[in-house]
Amino acid sequence: MFDNEIVINDFQLRMLARIAADIPEAQLFQPGAGHGHPPAWILGHLAICGEIGQKFLGGKVVHPRWLVLFGPGSQDRIAEDVSLTHAILTQANTDAYAQFRELAAHADAQRLQAPHGVELLKGSGIDTVGQLITHLLTSHFATHLAQLSSCRRTEGHKALF
C-alpha cells in the first residue's frame with residue numbers, strides 16, 4: 001500500500017537533507033523571501049506533520065510541544081530557540097517520515113477509507129484518511145520542500161538539478 005507515495009517521500013526526504021545542509025544555523029529563524037516562512041518553521045512543520053500522519057495510522061506524536069509551534073494553522077514567526085537546532089529539526093524529519101512510511105506500508109485498508117476529520121481540509125476534496133496520507137507524503141511535503149529550497153537559493157547556492 002502507498003508504494004509510489006513511499007518512494008516519492010523517500011526521494012523528497014533525501015532532497016530535504018541536501019537542501020537543509022546548505023542552510024546555515026544563523027538563517028534558521030529568518031523569514032524566507034516571498035513565502036515568509038523561516039527554515040526552522042518549515043523543518044518543524046514538516047516533522048510534526050510526519051508525526052501527525054503517523055497518528056492517523058496508529059502511531060504517535062513524539063514532539064507534542066511542536067503541535068502548537070509548527071502544527072497546521074500555526075504562526076510561522078517563532079522566537080529563536082536554542083533547542084531547535086538545524087541538526088534536531090533535520091533528524092526529526094528523518095525519524096518522523098521513516099516511521100510514517102513504515103506505518104503507511106502496512107496501513108489498514110478500512111481505516112484509509114474513513115473520513116479524516118481535519119477541519120483545515122474541509123471542502124478541499126481530500127476527504128479520507130488515505131487521501132490525507134497521500135497528501136502528507138507527497139504534495140504537502142513537496143510544497144514546503146520548495147519553500148526550504150528557496151531559502152537555500154537565497155544563500156547563493158545553485159540549483160541541485
# chains A, B, ... in the order shown; residues from 1 in each chain; ligands from 1

call {"tool": "residues_around", "arguments": {"residues": "Arg152 in chain A", "least_positions_apart": "3", "cutoff": "10 Å", "atoms": "only C-alpha atoms", "output": "PyMOL selection string"}}
result
chain A and resi 18-24+27+32+39+146-149+155-159

call {"tool": "write_last_selection", "arguments": {"atoms": "N, CA and C atoms", "output": "CSV table (one decimal), in the first residue's frame"}}
result
chain,number,residue,atom,x,y,z
A,18,ARG,N,19.8,17.4,1.6
A,18,ARG,CA,20.7,18.1,0.8
A,18,ARG,C,20.5,19.6,0.8
A,19,ILE,N,19.2,20.0,0.8
A,19,ILE,CA,18.8,21.4,0.9
A,19,ILE,C,19.2,22.0,2.2
A,20,ALA,N,18.8,21.3,3.3
A,20,ALA,CA,19.0,21.8,4.6
A,20,ALA,C,20.5,21.9,5.0
A,21,ALA,N,21.3,21.0,4.4
A,21,ALA,CA,22.8,21.1,4.7
A,21,ALA,C,23.4,22.4,4.2
A,22,ASP,N,22.8,23.1,3.3
A,22,ASP,CA,23.3,24.4,2.8
A,22,ASP,C,22.7,25.6,3.5
A,23,ILE,N,21.8,25.4,4.4
A,23,ILE,CA,21.2,26.5,5.1
A,23,ILE,C,21.9,26.7,6.5
A,24,PRO,N,22.6,27.8,6.7
A,24,PRO,CA,23.3,28.0,7.9
A,24,PRO,C,22.4,28.1,9.1
A,27,GLN,N,20.6,31.3,9.7
A,27,GLN,CA,19.5,31.7,8.9
A,27,GLN,C,18.2,31.0,9.3
A,32,GLY,N,11.9,33.5,5.0
A,32,GLY,CA,12.3,33.3,3.6
A,32,GLY,C,11.7,34.3,2.7
A,39,PRO,N,13.3,28.8,7.8
A,39,PRO,CA,13.6,27.4,7.7
A,39,PRO,C,13.3,26.6,8.9
A,146,ALA,N,9.9,23.0,-1.5
A,146,ALA,CA,10.2,24.1,-2.4
A,146,ALA,C,10.5,25.4,-1.6
A,147,GLN,N,9.7,25.6,-0.6
A,147,GLN,CA,10.0,26.8,0.2
A,147,GLN,C,11.4,26.8,0.9
A,148,LEU,N,11.7,25.6,1.4
A,148,LEU,CA,13.0,25.4,2.0
A,148,LEU,C,14.1,25.6,1.0
A,149,SER,N,13.9,25.1,-0.2
A,149,SER,CA,14.8,25.3,-1.3
A,149,SER,C,15.0,26.7,-1.7
A,155,GLU,N,20.7,32.0,-0.1
A,155,GLU,CA,22.1,32.0,0.4
A,155,GLU,C,23.1,31.9,-0.8
A,156,GLY,N,22.6,31.9,-2.0
A,156,GLY,CA,23.5,32.0,-3.2
A,156,GLY,C,23.9,30.6,-3.8
A,157,HIS,N,23.3,29.6,-3.3
A,157,HIS,CA,23.6,28.2,-3.9
A,157,HIS,C,22.9,28.0,-5.2
A,158,LYS,N,23.6,27.3,-6.1
A,158,LYS,CA,23.0,27.0,-7.4
A,158,LYS,C,22.0,25.8,-7.2
A,159,ALA,N,21.2,25.7,-8.2
A,159,ALA,CA,20.2,24.6,-8.2
A,159,ALA,C,20.8,23.3,-8.0

call {"tool": "closest_residue", "arguments": {"among": "A:Phe141, A:Phe2, A:Phe100, A:Phe29", "to": "Leu46 in chain A", "atoms": "only C-alpha atoms"}}
result
A:Phe141

call {"tool": "residues_around", "arguments": {"residues": "Ser139 in chain A", "least_positions_apart": "5", "cutoff": "12 Å", "atoms": "only C-alpha atoms", "output": "PyMOL selection string"}}
result
chain A and resi 5+8-9+12+46+126+131-134+144-146

call {"tool": "write_last_selection", "arguments": {"atoms": "C-alpha atoms", "output": "PDB file, in the first residue's frame"}}
result
ATOM      1  CA  GLU A   5       3.979   7.653  -2.227  1.00  0.00           C
ATOM      2  CA  ILE A   8       8.402   9.788  -3.633  1.00  0.00           C
ATOM      3  CA  ASN A   9       8.604  10.699   0.048  1.00  0.00           C
ATOM      4  CA  GLN A  12      11.958  14.119  -1.127  1.00  0.00           C
ATOM      5  CA  LEU A  46       7.218  19.045   8.056  1.00  0.00           C
ATOM      6  CA  ILE A 126      -9.100  15.442   0.373  1.00  0.00           C
ATOM      7  CA  GLN A 131      -6.093  10.725   0.629  1.00  0.00           C
ATOM      8  CA  LEU A 132      -4.649  12.665   3.567  1.00  0.00           C
ATOM      9  CA  ILE A 133      -1.758  10.196   3.863  1.00  0.00           C
ATOM     10  CA  THR A 134      -1.017  10.582   0.141  1.00  0.00           C
ATOM     11  CA  HIS A 144       7.265  23.050   1.873  1.00  0.00           C
ATOM     12  CA  LEU A 145      10.400  21.490   0.394  1.00  0.00           C
ATOM     13  CA  ALA A 146      10.194  24.085  -2.393  1.00  0.00           C
TER      14      ALA A 146
END

call {"tool": "residues_around", "arguments": {"residues": "Gly71 in chain A", "least_positions_apart": "3", "cutoff": "8 Å", "atoms": "only C-alpha atoms", "output": "number ranges by chain"}}
result
A: 45, 48-49, 66-68, 74

call {"tool": "residues_around", "arguments": {"residues": "range 60-62 of chain A", "least_positions_apart": "6", "cutoff": "9 Å", "atoms": "only C-alpha atoms", "output": "compact mmCIF listing (two decimals) with all heavy atoms, in the first residue's frame"}}
result
# COMPACT_ATOMS: atom_id res chain seq x y z
N ILE A 48 6.47 17.73 12.29
CA ILE A 48 5.25 17.48 13.07
C ILE A 48 4.14 16.91 12.19
O ILE A 48 3.35 16.08 12.62
CB ILE A 48 4.79 18.71 13.87
CG1 ILE A 48 3.86 18.29 15.02
CG2 ILE A 48 4.10 19.75 13.00
CD1 ILE A 48 4.48 17.41 16.06
N GLY A 50 4.67 14.90 9.71
CA GLY A 50 5.02 13.49 9.60
C GLY A 50 4.54 12.70 10.81
O GLY A 50 4.08 11.55 10.69
N GLU A 51 4.63 13.30 11.98
CA GLU A 51 4.15 12.65 13.20
C GLU A 51 2.63 12.61 13.24
O GLU A 51 2.04 11.61 13.68
CB GLU A 51 4.72 13.37 14.43
CG GLU A 51 6.22 13.19 14.56
CD GLU A 51 6.82 13.90 15.76
OE1 GLU A 51 6.07 14.33 16.66
OE2 GLU A 51 8.06 14.02 15.81
N ILE A 52 1.98 13.67 12.76
CA ILE A 52 0.52 13.67 12.68
C ILE A 52 0.06 12.56 11.73
O ILE A 52 -0.91 11.85 12.00
CB ILE A 52 -0.01 15.05 12.25
CG1 ILE A 52 0.21 16.08 13.37
CG2 ILE A 52 -1.48 14.99 11.84
CD1 ILE A 52 -0.01 17.53 12.94
N GLY A 53 0.76 12.42 10.61
CA GLY A 53 0.44 11.35 9.67
C GLY A 53 0.55 9.98 10.33
O GLY A 53 -0.30 9.10 10.12
N GLN A 54 1.58 9.81 11.15
CA GLN A 54 1.73 8.54 11.89
C GLN A 54 0.51 8.28 12.77
O GLN A 54 0.03 7.15 12.86
CB GLN A 54 2.96 8.60 12.79
CG GLN A 54 4.28 8.57 12.10
CD GLN A 54 5.40 8.65 13.12
OE1 GLN A 54 5.37 7.98 14.14
NE2 GLN A 54 6.39 9.49 12.83
N ALA A 96 10.61 11.01 11.70
CA ALA A 96 9.16 11.05 11.51
C ALA A 96 8.74 10.35 10.23
O ALA A 96 7.80 9.54 10.23
CB ALA A 96 8.67 12.50 11.50

call {"tool": "select_by_dssp", "arguments": {"residues": "range 6-74 of chain A", "states": "alpha helix (DSSP H)", "output": "PyMOL selection string"}}
result
chain A and resi 6-21+39-56+65-70

call {"tool": "closest_residue", "arguments": {"among": "A:Val129, A:Gln91, A:Gly44, A:Pro31", "to": "Arg14 in chain A", "atoms": "only C-alpha atoms"}}
result
A:Gln91

call {"tool": "closest_residue", "arguments": {"among": "A:Gly73, A:Gly58, A:Gly36, A:Gly130", "to": "Gln113 in chain A", "atoms": "only C-alpha atoms"}}
result
A:Gly130

call {"tool": "residues_around", "arguments": {"residues": "Leu89 in chain A", "least_positions_apart": "5", "cutoff": "8 Å", "atoms": "only C-alpha atoms", "output": "list in words"}}
result
Ala40, Leu43, Gly44, Ala47 and Leu84 of chain A

call {"tool": "residues_around", "arguments": {"residues": "Asp3 in chain A", "least_positions_apart": "6", "cutoff": "10 Å", "atoms": "only C-alpha atoms", "output": "JSON, numbers by chain"}}
result
{"A": [101, 104, 105]}

call {"tool": "atom_distance", "arguments": {"atom1": "CA of Leu136 in chain A", "atom2": "CA of Tyr97 in chain A"}}
result
9.9 Å

call {"tool": "atom_distance", "arguments": {"atom1": "CA of His140 in chain A", "atom2": "CA of Leu16 in chain A"}}
result
13.3 Å

call {"tool": "closest_residue", "arguments": {"among": "A:Ala114, A:Leu57, A:Leu28, A:Leu121", "to": "Asp76 in chain A", "atoms": "only C-alpha atoms"}}
result
A:Leu28

call {"tool": "atom_distance", "arguments": {"atom1": "CA of Cys151 in chain A", "atom2": "CA of Val118 in chain A"}}
result
29.0 Å
